[in-house]
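**Student:** So here's run.cif, just mmCIF, C-alpha atoms and all ligand atoms; chains and numbers go by the auth columns:
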data_entry
loop_
_atom_site.group_PDB
_atom_site.id
_atom_site.type_symbol
_atom_site.label_atom_id
_atom_site.label_comp_id
_atom_site.label_asym_id
_atom_site.label_seq_id
_atom_site.Cartn_x
_atom_site.Cartn_y
_atom_site.Cartn_z
_atom_site.B_iso_or_equiv
_atom_site.auth_seq_id
_atom_site.auth_asym_id
ATOM 1 C CA MET A 1 8.140 -47.710 3.043 0.00 1006 A
ATOM 2 C CA SER A 2 10.254 -46.589 5.943 0.00 1007 A
ATOM 3 C CA LYS A 3 14.008 -46.752 6.179 0.00 1008 A
ATOM 4 C CA LYS A 4 13.633 -49.570 8.727 0.00 1009 A
ATOM 5 C CA GLU A 5 12.709 -51.877 5.883 0.00 1010 A
ATOM 6 C CA LEU A 6 15.900 -51.299 3.919 0.00 1011 A
ATOM 7 C CA VAL A 7 17.817 -54.493 3.186 0.00 1012 A
ATOM 8 C CA ALA A 8 20.567 -54.889 5.766 0.00 1013 A
ATOM 9 C CA ASN A 9 24.128 -54.420 4.560 0.00 1014 A
ATOM 10 C CA ARG A 10 23.051 -53.215 1.121 0.00 1015 A
ATOM 11 C CA GLU A 11 24.465 -49.849 0.058 0.00 1016 A
ATOM 12 C CA CYS A 12 24.167 -47.639 -3.005 0.00 1017 A
ATOM 13 C CA GLY A 13 27.925 -47.876 -3.618 0.00 1018 A
ATOM 14 C CA GLU A 14 28.891 -46.365 -6.960 0.00 1019 A
ATOM 15 C CA CYS A 15 25.285 -45.838 -8.040 0.00 1020 A
ATOM 16 C CA ASN A 16 23.893 -42.311 -8.045 0.00 1021 A
ATOM 17 C CA LEU A 17 21.160 -42.761 -10.603 0.00 1022 A
ATOM 18 C CA CYS A 18 18.336 -41.368 -8.474 0.00 1023 A
ATOM 19 C CA CYS A 19 20.262 -38.071 -8.314 0.00 1024 A
ATOM 20 C CA ILE A 20 20.153 -38.011 -12.129 0.00 1025 A
ATOM 21 C CA SER A 21 17.035 -39.838 -13.240 0.00 1026 A
ATOM 22 C CA LEU A 22 14.325 -38.536 -10.909 0.00 1027 A
ATOM 23 C CA LEU A 23 12.186 -35.457 -11.220 0.00 1028 A
ATOM 24 C CA ILE A 24 12.364 -33.569 -7.917 0.00 1029 A
ATOM 25 C CA ASP A 25 9.888 -30.808 -7.232 0.00 1030 A
ATOM 26 C CA CYS A 26 9.928 -29.881 -3.570 0.00 1031 A
ATOM 27 C CA PRO A 27 10.344 -26.572 -1.745 0.00 1032 A
ATOM 28 C CA GLU A 28 14.062 -27.199 -1.121 0.00 1033 A
ATOM 29 C CA LEU A 29 15.045 -28.529 -4.543 0.00 1034 A
ATOM 30 C CA THR A 30 13.757 -28.497 -8.097 0.00 1035 A
ATOM 31 C CA LYS A 31 15.380 -30.855 -10.573 0.00 1036 A
ATOM 32 C CA LEU A 32 14.468 -31.966 -14.070 0.00 1037 A
ATOM 33 C CA PRO A 33 14.344 -35.711 -14.819 0.00 1038 A
ATOM 34 C CA GLY A 34 17.348 -37.252 -16.530 0.00 1039 A
ATOM 35 C CA ILE A 35 19.643 -34.347 -15.650 0.00 1040 A
ATOM 36 C CA ALA A 36 22.212 -34.558 -12.851 0.00 1041 A
ATOM 37 C CA CYS A 37 21.317 -32.639 -9.712 0.00 1042 A
ATOM 38 C CA GLU A 38 23.384 -29.493 -9.221 0.00 1043 A
ATOM 39 C CA ASN A 39 24.518 -30.950 -5.897 0.00 1044 A
ATOM 40 C CA LEU A 40 25.833 -34.196 -7.347 0.00 1045 A
ATOM 41 C CA LYS A 41 29.617 -34.195 -7.160 0.00 1046 A
ATOM 42 C CA LYS A 42 31.599 -35.174 -10.275 0.00 1047 A
ATOM 43 C CA SER A 43 33.225 -37.912 -8.250 0.00 1048 A
ATOM 44 C CA GLY A 44 29.754 -39.114 -7.132 0.00 1049 A
ATOM 45 C CA GLY A 45 28.007 -38.409 -3.860 0.00 1050 A
ATOM 46 C CA CYS A 46 26.001 -35.461 -2.676 0.00 1051 A
ATOM 47 C CA SER A 47 27.819 -32.214 -1.888 0.00 1052 A
ATOM 48 C CA ILE A 48 25.116 -31.267 0.655 0.00 1053 A
ATOM 49 C CA TYR A 49 24.642 -34.772 2.028 0.00 1054 A
ATOM 50 C CA THR A 50 23.971 -33.856 5.658 0.00 1055 A
ATOM 51 C CA LYS A 51 21.617 -31.057 4.600 0.00 1056 A
ATOM 52 C CA ARG A 52 20.005 -32.762 1.618 0.00 1057 A
ATOM 53 C CA PRO A 53 16.222 -32.241 1.332 0.00 1058 A
ATOM 54 C CA PRO A 54 13.856 -34.639 3.137 0.00 1059 A
ATOM 55 C CA THR A 55 12.750 -35.969 -0.274 0.00 1060 A
ATOM 56 C CA CYS A 56 16.299 -37.173 -0.904 0.00 1061 A
ATOM 57 C CA GLN A 57 16.681 -38.518 2.615 0.00 1062 A
ATOM 58 C CA ASP A 58 13.503 -40.568 2.352 0.00 1063 A
ATOM 59 C CA TRP A 59 13.702 -41.928 -1.182 0.00 1064 A
ATOM 60 C CA TYR A 60 15.332 -45.213 -2.158 0.00 1065 A
ATOM 61 C CA CYS A 61 14.821 -47.392 -5.195 0.00 1066 A
ATOM 62 C CA GLN A 62 13.191 -50.767 -4.575 0.00 1067 A
ATOM 63 C CA TRP A 63 16.499 -52.605 -4.913 0.00 1068 A
ATOM 64 C CA ARG A 64 17.298 -51.173 -1.480 0.00 1069 A
ATOM 65 C CA TYR A 65 14.072 -52.681 -0.082 0.00 1070 A
ATOM 66 C CA ILE A 66 13.599 -56.066 -1.740 0.00 1071 A
ATOM 67 C CA PRO A 67 16.089 -58.682 -0.518 0.00 1072 A
ATOM 68 C CA GLN A 68 15.178 -61.141 -3.283 0.00 1073 A
ATOM 69 C CA LEU A 69 16.640 -58.781 -5.886 0.00 1074 A
ATOM 70 C CA GLY A 70 20.305 -59.721 -6.084 0.00 1075 A
ATOM 71 C CA ASP A 71 23.277 -57.369 -6.292 0.00 1076 A
ATOM 72 C CA GLN A 72 22.905 -57.289 -10.071 0.00 1077 A
ATOM 73 C CA TRP A 73 19.676 -55.279 -9.603 0.00 1078 A
ATOM 74 C CA ARG A 74 21.558 -52.181 -8.502 0.00 1079 A
ATOM 75 C CA PRO A 75 20.174 -49.744 -11.089 0.00 1080 A
ATOM 76 C CA ASP A 76 23.467 -48.636 -12.623 0.00 1081 A
ATOM 77 C CA LEU A 77 24.403 -52.292 -13.161 0.00 1082 A
ATOM 78 C CA LYS A 78 20.991 -53.547 -14.271 0.00 1083 A
ATOM 79 C CA GLY A 79 19.953 -50.697 -16.531 0.00 1084 A
ATOM 80 C CA ILE A 80 16.598 -50.658 -14.750 0.00 1085 A
ATOM 81 C CA MET A 81 15.527 -48.535 -11.809 0.00 1086 A
ATOM 82 C CA LEU A 82 12.718 -50.165 -9.897 0.00 1087 A
ATOM 83 C CA SER A 83 10.547 -47.825 -7.838 0.00 1088 A
ATOM 84 C CA ASN A 84 7.127 -47.742 -6.225 0.00 1089 A
ATOM 85 C CA MET A 85 4.241 -46.327 -8.225 0.00 1090 A
ATOM 86 C CA LEU A 86 2.022 -44.169 -6.059 0.00 1091 A
ATOM 87 C CA GLU A 87 -0.306 -42.734 -8.706 0.00 1092 A
ATOM 88 C CA GLY A 88 -2.137 -44.004 -11.748 0.00 1093 A
ATOM 89 C CA VAL A 89 -2.568 -47.546 -10.415 0.00 1094 A
ATOM 90 C CA PRO A 90 -5.796 -49.209 -11.603 0.00 1095 A
ATOM 91 C CA GLU A 91 -8.344 -49.604 -8.800 0.00 1096 A
ATOM 92 C CA GLU A 92 -8.303 -53.411 -8.932 0.00 1097 A
ATOM 93 C CA TYR A 93 -4.568 -53.403 -8.126 0.00 1098 A
ATOM 94 C CA SER A 94 -4.621 -50.666 -5.504 0.00 1099 A
ATOM 95 C CA HIS A 95 -4.669 -53.059 -2.520 0.00 1100 A
ATOM 96 C CA LYS A 96 -1.072 -54.093 -3.273 0.00 1101 A
ATOM 97 C CA GLU A 97 2.180 -52.348 -3.995 0.00 1102 A
ATOM 98 C CA ALA A 98 2.728 -51.191 -7.560 0.00 1103 A
ATOM 99 C CA PHE A 99 6.061 -51.019 -9.352 0.00 1104 A
ATOM 100 C CA ASP A 100 7.666 -49.001 -12.110 0.00 1105 A
ATOM 101 C CA PHE A 101 10.513 -50.640 -14.008 0.00 1106 A
ATOM 102 C CA LYS A 102 12.273 -47.614 -15.475 0.00 1107 A
ATOM 103 C CA ILE A 103 14.264 -48.761 -18.483 0.00 1108 A
ATOM 104 C CA LEU A 104 17.609 -46.969 -18.508 0.00 1109 A
ATOM 105 C CA LYS A 105 18.950 -48.584 -21.657 0.00 1110 A
ATOM 106 C CA ASP A 106 17.614 -49.680 -25.030 0.00 1111 A
ATOM 107 C CA THR A 107 15.426 -52.575 -26.135 0.00 1112 A
ATOM 108 C CA SER A 108 18.323 -55.021 -25.582 0.00 1113 A
ATOM 109 C CA ILE A 109 16.998 -55.238 -22.011 0.00 1114 A
ATOM 110 C CA ILE A 110 14.558 -57.785 -23.439 0.00 1115 A
ATOM 111 C CA ASN A 111 17.449 -60.285 -23.490 0.00 1116 A
ATOM 112 C CA ASP A 112 17.888 -60.048 -19.734 0.00 1117 A
ATOM 113 C CA GLN A 113 16.287 -63.286 -18.560 0.00 1118 A
ATOM 114 C CA ASP A 114 16.606 -62.266 -14.917 0.00 1119 A
ATOM 115 C CA PHE A 115 14.489 -59.153 -15.638 0.00 1120 A
ATOM 116 C CA ILE A 116 11.955 -61.267 -17.530 0.00 1121 A
ATOM 117 C CA ASN A 117 11.692 -63.731 -14.623 0.00 1122 A
ATOM 118 C CA VAL A 118 11.231 -61.019 -11.979 0.00 1123 A
ATOM 119 C CA LEU A 119 8.672 -59.099 -14.019 0.00 1124 A
ATOM 120 C CA ALA A 120 6.677 -62.256 -14.797 0.00 1125 A
ATOM 121 C CA ALA A 121 6.726 -63.245 -11.109 0.00 1126 A
ATOM 122 C CA PHE A 122 5.500 -59.798 -10.005 0.00 1127 A
ATOM 123 C CA ILE A 123 2.656 -59.922 -12.518 0.00 1128 A
ATOM 124 C CA GLU A 124 1.738 -63.464 -11.536 0.00 1129 A
ATOM 125 C CA GLN A 125 1.607 -62.362 -7.886 0.00 1130 A
ATOM 126 C CA GLY A 126 -0.851 -59.589 -8.756 0.00 1131 A
ATOM 127 C CA TYR A 127 1.375 -56.539 -8.410 0.00 1132 A
ATOM 128 C CA ALA A 128 0.625 -53.721 -10.833 0.00 1133 A
ATOM 129 C CA CYS A 129 3.714 -53.295 -13.001 0.00 1134 A
ATOM 130 C CA PHE A 130 4.624 -50.450 -15.310 0.00 1135 A
ATOM 131 C CA ILE A 131 7.569 -49.764 -17.562 0.00 1136 A
ATOM 132 C CA SER A 132 8.733 -46.251 -18.144 0.00 1137 A
ATOM 133 C CA THR A 133 11.306 -44.602 -20.350 0.00 1138 A
ATOM 134 C CA GLY A 134 12.642 -41.095 -20.217 0.00 1139 A
ATOM 135 C CA LYS A 135 14.655 -38.525 -22.070 0.00 1140 A
ATOM 136 C CA PRO A 136 16.697 -35.824 -20.301 0.00 1141 A
ATOM 137 C CA GLY A 137 14.527 -32.838 -19.404 0.00 1142 A
ATOM 138 C CA HIS A 138 11.299 -34.512 -20.534 0.00 1143 A
ATOM 139 C CA ALA A 139 8.368 -36.122 -18.757 0.00 1144 A
ATOM 140 C CA SER A 140 8.719 -39.881 -18.827 0.00 1145 A
ATOM 141 C CA THR A 141 6.236 -42.191 -20.509 0.00 1146 A
ATOM 142 C CA LYS A 142 4.722 -45.045 -18.510 0.00 1147 A
ATOM 143 C CA ILE A 143 2.869 -48.109 -19.733 0.00 1148 A
ATOM 144 C CA PHE A 144 0.793 -50.405 -17.528 0.00 1149 A
ATOM 145 C CA LEU A 145 1.950 -53.938 -18.328 0.00 1150 A
ATOM 146 C CA ASN A 146 -0.396 -56.379 -16.609 0.00 1151 A
ATOM 147 C CA ASP A 147 -3.083 -56.356 -19.291 0.00 1152 A
ATOM 148 C CA TYR A 148 -0.445 -56.841 -22.000 0.00 1153 A
ATOM 149 C CA LEU A 149 1.394 -59.621 -20.274 0.00 1154 A
ATOM 150 C CA MET A 150 -1.117 -61.573 -18.183 0.00 1155 A
ATOM 151 C CA PRO A 151 -2.166 -63.916 -21.041 0.00 1156 A
ATOM 152 C CA ALA A 152 1.474 -64.910 -21.582 0.00 1157 A
ATOM 153 C CA VAL A 153 2.055 -65.285 -17.827 0.00 1158 A
ATOM 154 C CA SER A 154 -1.085 -67.426 -17.397 0.00 1159 A
ATOM 155 C CA THR A 155 -0.073 -69.763 -20.202 0.00 1160 A
ATOM 156 C CA LYS A 156 3.632 -69.621 -19.265 0.00 1161 A
ATOM 157 C CA ASN A 157 4.384 -68.684 -22.874 0.00 1162 A
ATOM 158 C CA ILE A 158 7.807 -67.074 -22.612 0.00 1163 A
ATOM 159 C CA ASP A 159 8.065 -66.189 -26.319 0.00 1164 A
ATOM 160 C CA LEU A 160 4.717 -64.398 -26.223 0.00 1165 A
ATOM 161 C CA PHE A 161 5.749 -62.652 -22.990 0.00 1166 A
ATOM 162 C CA LYS A 162 8.948 -61.344 -24.568 0.00 1167 A
ATOM 163 C CA SER A 163 7.284 -60.262 -27.762 0.00 1168 A
ATOM 164 C CA GLU A 164 4.489 -58.387 -25.932 0.00 1169 A
ATOM 165 C CA LEU A 165 7.009 -56.802 -23.584 0.00 1170 A
ATOM 166 C CA LEU A 166 9.233 -55.723 -26.484 0.00 1171 A
ATOM 167 C CA THR A 167 6.229 -54.086 -28.160 0.00 1172 A
ATOM 168 C CA ALA A 168 5.436 -52.227 -24.936 0.00 1173 A
ATOM 169 C CA ILE A 169 9.053 -51.070 -24.497 0.00 1174 A
ATOM 170 C CA GLU A 170 9.230 -49.849 -28.112 0.00 1175 A
ATOM 171 C CA GLU A 171 5.923 -48.037 -27.719 0.00 1176 A
ATOM 172 C CA CYS A 172 7.166 -46.437 -24.525 0.00 1177 A
ATOM 173 C CA ILE A 173 10.471 -45.334 -26.086 0.00 1178 A
ATOM 174 C CA ASN A 174 8.829 -43.969 -29.253 0.00 1179 A
ATOM 175 C CA HIS A 175 5.996 -42.142 -27.512 0.00 1180 A
ATOM 176 C CA PRO A 176 6.510 -38.357 -27.825 0.00 1181 A
ATOM 177 C CA LYS A 177 7.871 -36.950 -24.576 0.00 1182 A
ATOM 178 C CA GLU A 178 6.762 -33.630 -23.133 0.00 1183 A
ATOM 179 C CA LYS A 179 9.595 -31.141 -22.604 0.00 1184 A
ATOM 180 C CA MET A 180 9.934 -29.679 -19.116 0.00 1185 A
ATOM 181 C CA ALA A 181 11.692 -26.645 -17.702 0.00 1186 A
ATOM 182 C CA ILE A 182 12.207 -24.867 -14.404 0.00 1187 A
ATOM 183 C CA LYS A 183 10.569 -21.478 -14.125 0.00 1188 A
ATOM 184 C CA ASP A 184 10.555 -19.438 -10.921 0.00 1189 A
ATOM 185 C CA GLY A 185 11.659 -22.514 -8.981 0.00 1190 A
ATOM 186 C CA LYS A 186 8.810 -24.650 -10.309 0.00 1191 A
ATOM 187 C CA ILE A 187 8.720 -27.435 -12.881 0.00 1192 A
ATOM 188 C CA ILE A 188 6.623 -26.529 -15.906 0.00 1193 A
ATOM 189 C CA ARG A 189 5.664 -28.497 -19.018 0.00 1194 A
ATOM 190 C CA LEU A 190 6.358 -26.681 -22.297 0.00 1195 A
HETATM 191 S S1 LIG B . 19.016 -45.542 -7.586 0.00 1201 A
HETATM 192 FE FE1 LIG B . 18.888 -46.907 -5.756 0.00 1201 A
HETATM 193 S S2 LIG B . 20.951 -47.797 -5.554 0.00 1201 A
HETATM 194 FE FE2 LIG B . 21.095 -46.050 -6.938 0.00 1201 A
HETATM 195 S S3 LIG B . 21.702 -44.325 -5.606 0.00 1201 A
HETATM 196 FE FE3 LIG B . 19.464 -44.296 -5.765 0.00 1201 A
HETATM 197 S S4 LIG B . 18.710 -45.504 -4.036 0.00 1201 A
HETATM 198 FE FE4 LIG B . 20.872 -45.965 -4.281 0.00 1201 A
HETATM 199 S S1 LIG B . 20.463 -32.965 -3.263 0.00 1202 A
HETATM 200 FE FE1 LIG B . 21.993 -34.560 -3.098 0.00 1202 A
HETATM 201 S S2 LIG B . 20.846 -36.445 -2.661 0.00 1202 A
HETATM 202 FE FE2 LIG B . 19.379 -34.932 -3.446 0.00 1202 A
HETATM 203 S S3 LIG B . 19.303 -35.316 -5.667 0.00 1202 A
HETATM 204 FE FE3 LIG B . 20.819 -33.740 -5.304 0.00 1202 A
HETATM 205 S S4 LIG B . 22.774 -34.841 -5.195 0.00 1202 A
HETATM 206 FE FE4 LIG B . 21.122 -36.335 -4.879 0.00 1202 A
#
Once you've parsed the file, please lay out its structure as structure tokens.
Ligand code: SF4
Ligand code: SF4
**Tutor:**
Amino acid sequence: MSKKELVANRECGECNLCCISLLIDCPELTKLPGIACENLKKSGGCSIYTKRPPTCQDWYCQWRYIPQLGDQWRPDLKGIMLSNMLEGVPEEYSHKEAFDFKILKDTSIINDQDFINVLAAFIEQGYACFISTGKPGHASTKIFLNDYLMPAVSTKNIDLFKSELLTAIEECINHPKEKMAIKDGKIIRL
């Protein structure tokens, strides 16, 4: 997506989660996931803003692109960072956008009815949806949700939807995470 498609008059404000949560591995900057970037100021904001790498200039979470997601979907408020999935999308879903709902808090997110409604709507509309969970300095775990949740979406069974989603979130959280490190300016898996 290009910057032209950003939602008008929507700003990151106090949020700086992409400068903490994301793994960045580009020639100008290497950063482990879940660990604040060395250029992130304590007061928030980027200390090299005008010279920040192209990766940082070009990347926005999907809350900045999707007008239907209300203000409450700003990641630091919602506890979820929604981003595009560019890899690992099953072939049958590859003609549409795919989304990763990165869970930034615990399983209590299951009680967020707004999250449930948006996720169910995305799945019903045929978008590939994943959840992911992370741990500082470790590769995140991702789970493809459509196969899990489609039966509940098709039958509009909200209790089944929540119970299947909770199982997926727990599985994602409990899955062993691979430790990462930076060696010679490159990200390596230990
Ligand atoms: S996670 Fe989204 S809202 Fe937060 S700083 Fe990054 S782009 Fe902005
Ligand atoms: S260089 Fe700046 S914009 Fe990029 S991750 Fe670091 S603090 Fe954020």
**Student:** Selected by the PyMOL selection byres (((chain A and resi 1015) around 10) and not hetatm) in the shown coordinates: which residues, as a list in words?
**Tutor:**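 Against this file, the PyMOL selection byres (((chain A and resi 1015) around 10) and not hetatm) returns the residues Leu1011, Val1012, Ala1013, Asn1014, Glu1016, Cys1017, Gly1018, Trp1068, Arg1069, Tyr1070, Pro1072, Asp1076 and Arg1079 of chain A.
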**Student:** Those residues you just picked out, can you put them in a file as a PDB file, in the coordinates of the input with C-alpha atoms?
**Tutor:**
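File written: selection20.pdb
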ATOM      1  CA  LEU A1011      15.900 -51.299   3.919  1.00  0.00           C
ATOM      2  CA  VAL A1012      17.817 -54.493   3.186  1.00  0.00           C
ATOM      3  CA  ALA A1013      20.567 -54.889   5.766  1.00  0.00           C
ATOM      4  CA  ASN A1014      24.128 -54.420   4.560  1.00  0.00           C
ATOM      5  CA  GLU A1016      24.465 -49.849   0.058  1.00  0.00           C
ATOM      6  CA  CYS A1017      24.167 -47.639  -3.005  1.00  0.00           C
ATOM      7  CA  GLY A1018      27.925 -47.876  -3.618  1.00  0.00           C
ATOM      8  CA  TRP A1068      16.499 -52.605  -4.913  1.00  0.00           C
ATOM      9  CA  ARG A1069      17.298 -51.173  -1.480  1.00  0.00           C
ATOM     10  CA  TYR A1070      14.072 -52.681  -0.082  1.00  0.00           C
ATOM     11  CA  PRO A1072      16.089 -58.682  -0.518  1.00  0.00           C
ATOM     12  CA  ASP A1076      23.277 -57.369  -6.292  1.00  0.00           C
ATOM     13  CA  ARG A1079      21.558 -52.181  -8.502  1.00  0.00           C
TER      14      ARG A1079
END
**Student:** Find the residue from A:Tyr1098, A:Ile1025, A:Lys1046, A:Asp1189 that sits nearest to Pro1141 of chain A; use only C-alpha atoms when measuring.
**Tutor:** A:Ile1025
**Student:** Quick one: 5 Å padding each side, axis-aligned, all listed atoms of segment 1163-1176 of chain A - centre and edge lengths in Å to one decimal, as AutoDock Vina command-line options?
**Tutor:**
--center_x 6.9 --center_y -57.6 --center_z -25.4 --size_x 14.7 --size_y 29.0 --size_z 15.5
**Student:** Using all atoms listed in the file, which protein or nucleic acid residues come within 10 Å of Leu1082 of chain A? Drop anything in the same chain fewer than 5 positions from it, and give the result as an MDAnalysis selection string.
**Tutor:** chainID A and resid 1019:1020 1076:1077
**Student:** What's the separation between atom CA of Gly1139 of chain A and atom CA of Glu1033 of chain A, in Å to one decimal place?
**Tutor:**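 Spanning atom CA of Gly1139 of chain A to atom CA of Glu1033 of chain A is a straight-line distance of 23.7 Å.
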**Student:** Once you count all atoms listed in the file, what closest atom pair and distance in Å to one decimal does each residue of chain A within 8 Å of ligand LIG 1202 (chain A) have, with rows by chain and rising residue number, as a Markdown table?
**Tutor:**
| residue | atom | partner | partner_atom | distance |
| --- | --- | --- | --- | --- |
| A:Asn1021 | CA | A:LIG1202 | FE4 | 7.3 |
| A:Cys1023 | CA | A:LIG1202 | S3 | 6.7 |
| A:Cys1024 | CA | A:LIG1202 | S3 | 3.9 |
| A:Ile1025 | CA | A:LIG1202 | S3 | 7.1 |
| A:Leu1027 | CA | A:LIG1202 | S3 | 7.9 |
| A:Ile1029 | CA | A:LIG1202 | S3 | 7.5 |
| A:Leu1034 | CA | A:LIG1202 | S1 | 7.1 |
| A:Lys1036 | CA | A:LIG1202 | S3 | 7.7 |
| A:Ala1041 | CA | A:LIG1202 | S4 | 7.7 |
| A:Cys1042 | CA | A:LIG1202 | FE3 | 4.6 |
| A:Glu1043 | CA | A:LIG1202 | FE3 | 6.3 |
| A:Asn1044 | CA | A:LIG1202 | S4 | 4.3 |
| A:Leu1045 | CA | A:LIG1202 | S4 | 3.8 |
| A:Lys1046 | CA | A:LIG1202 | S4 | 7.1 |
| A:Gly1050 | CA | A:LIG1202 | S4 | 6.5 |
| A:Cys1051 | CA | A:LIG1202 | FE1 | 4.1 |
| A:Ser1052 | CA | A:LIG1202 | FE1 | 6.4 |
| A:Ile1053 | CA | A:LIG1202 | FE1 | 5.9 |
| A:Tyr1054 | CA | A:LIG1202 | FE1 | 5.8 |
| A:Arg1057 | CA | A:LIG1202 | S1 | 4.9 |
| A:Pro1058 | CA | A:LIG1202 | S1 | 6.3 |
| A:Thr1060 | CA | A:LIG1202 | FE2 | 7.4 |
| A:Cys1061 | CA | A:LIG1202 | FE2 | 4.6 |
| A:Gln1062 | CA | A:LIG1202 | S2 | 7.0 |
**Student:** Decode the PyMOL selection byres (((chain A and resi 1167) around 12) and not hetatm) for the given file into explicit residues and return them as an MDAnalysis selection string.
**Tutor:** chainID A and resid 1112:1118 1120:1122 1124:1125 1150 1153:1158 1161:1166 1168:1174
**Student:** Applying the PyMOL selection byres (((chain A and resi 1103) around 12) and not hetatm) to the file I just gave you, which residues come out? Please list them as a PyMOL selection string.
**Tutor:** chain A and resi 1067+1087-1102+1104-1106+1124+1127-1128+1130-1136+1149-1151
**Student:** Select, from A:Cys1066, A:Ile1108, A:Leu1028, A:Val1123, the residue with the minimum atom-to-atom distance to Cys1177 of chain A, counting all atoms listed in the file.
**Tutor:**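 Comparing A:Cys1066, A:Ile1108, A:Leu1028, A:Val1123 against Cys1177 of chain A, the winner is A:Ile1108.
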**Student:** Please write N, CA and C atoms of segment 1014-1026 of chain A, from the structure given just now, as a tab-separated table (two decimals), in the first residue's frame.
**Tutor:**
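Done, and the output landed in decode.tsv:
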chain	number	residue	atom	x	y	z
A	1014	ASN	N	-6.27	12.54	8.18
A	1014	ASN	CA	-6.38	13.09	9.54
A	1014	ASN	C	-6.24	12.04	10.64
A	1015	ARG	N	-5.58	10.94	10.34
A	1015	ARG	CA	-5.32	9.93	11.38
A	1015	ARG	C	-3.82	9.90	11.61
A	1016	GLU	N	-3.40	10.08	12.84
A	1016	GLU	CA	-1.97	10.13	13.17
A	1016	GLU	C	-1.62	9.08	14.21
A	1017	CYS	N	-0.34	8.78	14.30
A	1017	CYS	CA	0.11	7.77	15.27
A	1017	CYS	C	-0.03	8.28	16.70
A	1018	GLY	N	0.07	9.59	16.90
A	1018	GLY	CA	-0.08	10.14	18.25
A	1018	GLY	C	0.93	9.55	19.21
A	1019	GLU	N	0.42	9.08	20.35
A	1019	GLU	CA	1.32	8.55	21.39
A	1019	GLU	C	1.85	7.17	21.08
A	1020	CYS	N	1.33	6.52	20.06
A	1020	CYS	CA	1.74	5.14	19.77
A	1020	CYS	C	3.13	5.12	19.13
A	1021	ASN	N	3.94	4.19	19.57
A	1021	ASN	CA	5.24	3.97	18.89
A	1021	ASN	C	5.54	2.47	18.84
A	1022	LEU	N	4.47	1.69	18.81
A	1022	LEU	CA	4.65	0.25	18.94
A	1022	LEU	C	5.41	-0.38	17.79
A	1023	CYS	N	5.31	0.18	16.57
A	1023	CYS	CA	6.07	-0.46	15.48
A	1023	CYS	C	7.57	-0.28	15.70
A	1024	CYS	N	7.98	0.74	16.44
A	1024	CYS	CA	9.41	0.95	16.72
A	1024	CYS	C	9.89	0.00	17.83
A	1025	ILE	N	8.97	-0.73	18.42
A	1025	ILE	CA	9.32	-1.70	19.46
A	1025	ILE	C	9.05	-3.12	18.97
A	1026	SER	N	7.87	-3.32	18.43
A	1026	SER	CA	7.40	-4.68	18.15
A	1026	SER	C	8.05	-5.34	16.94
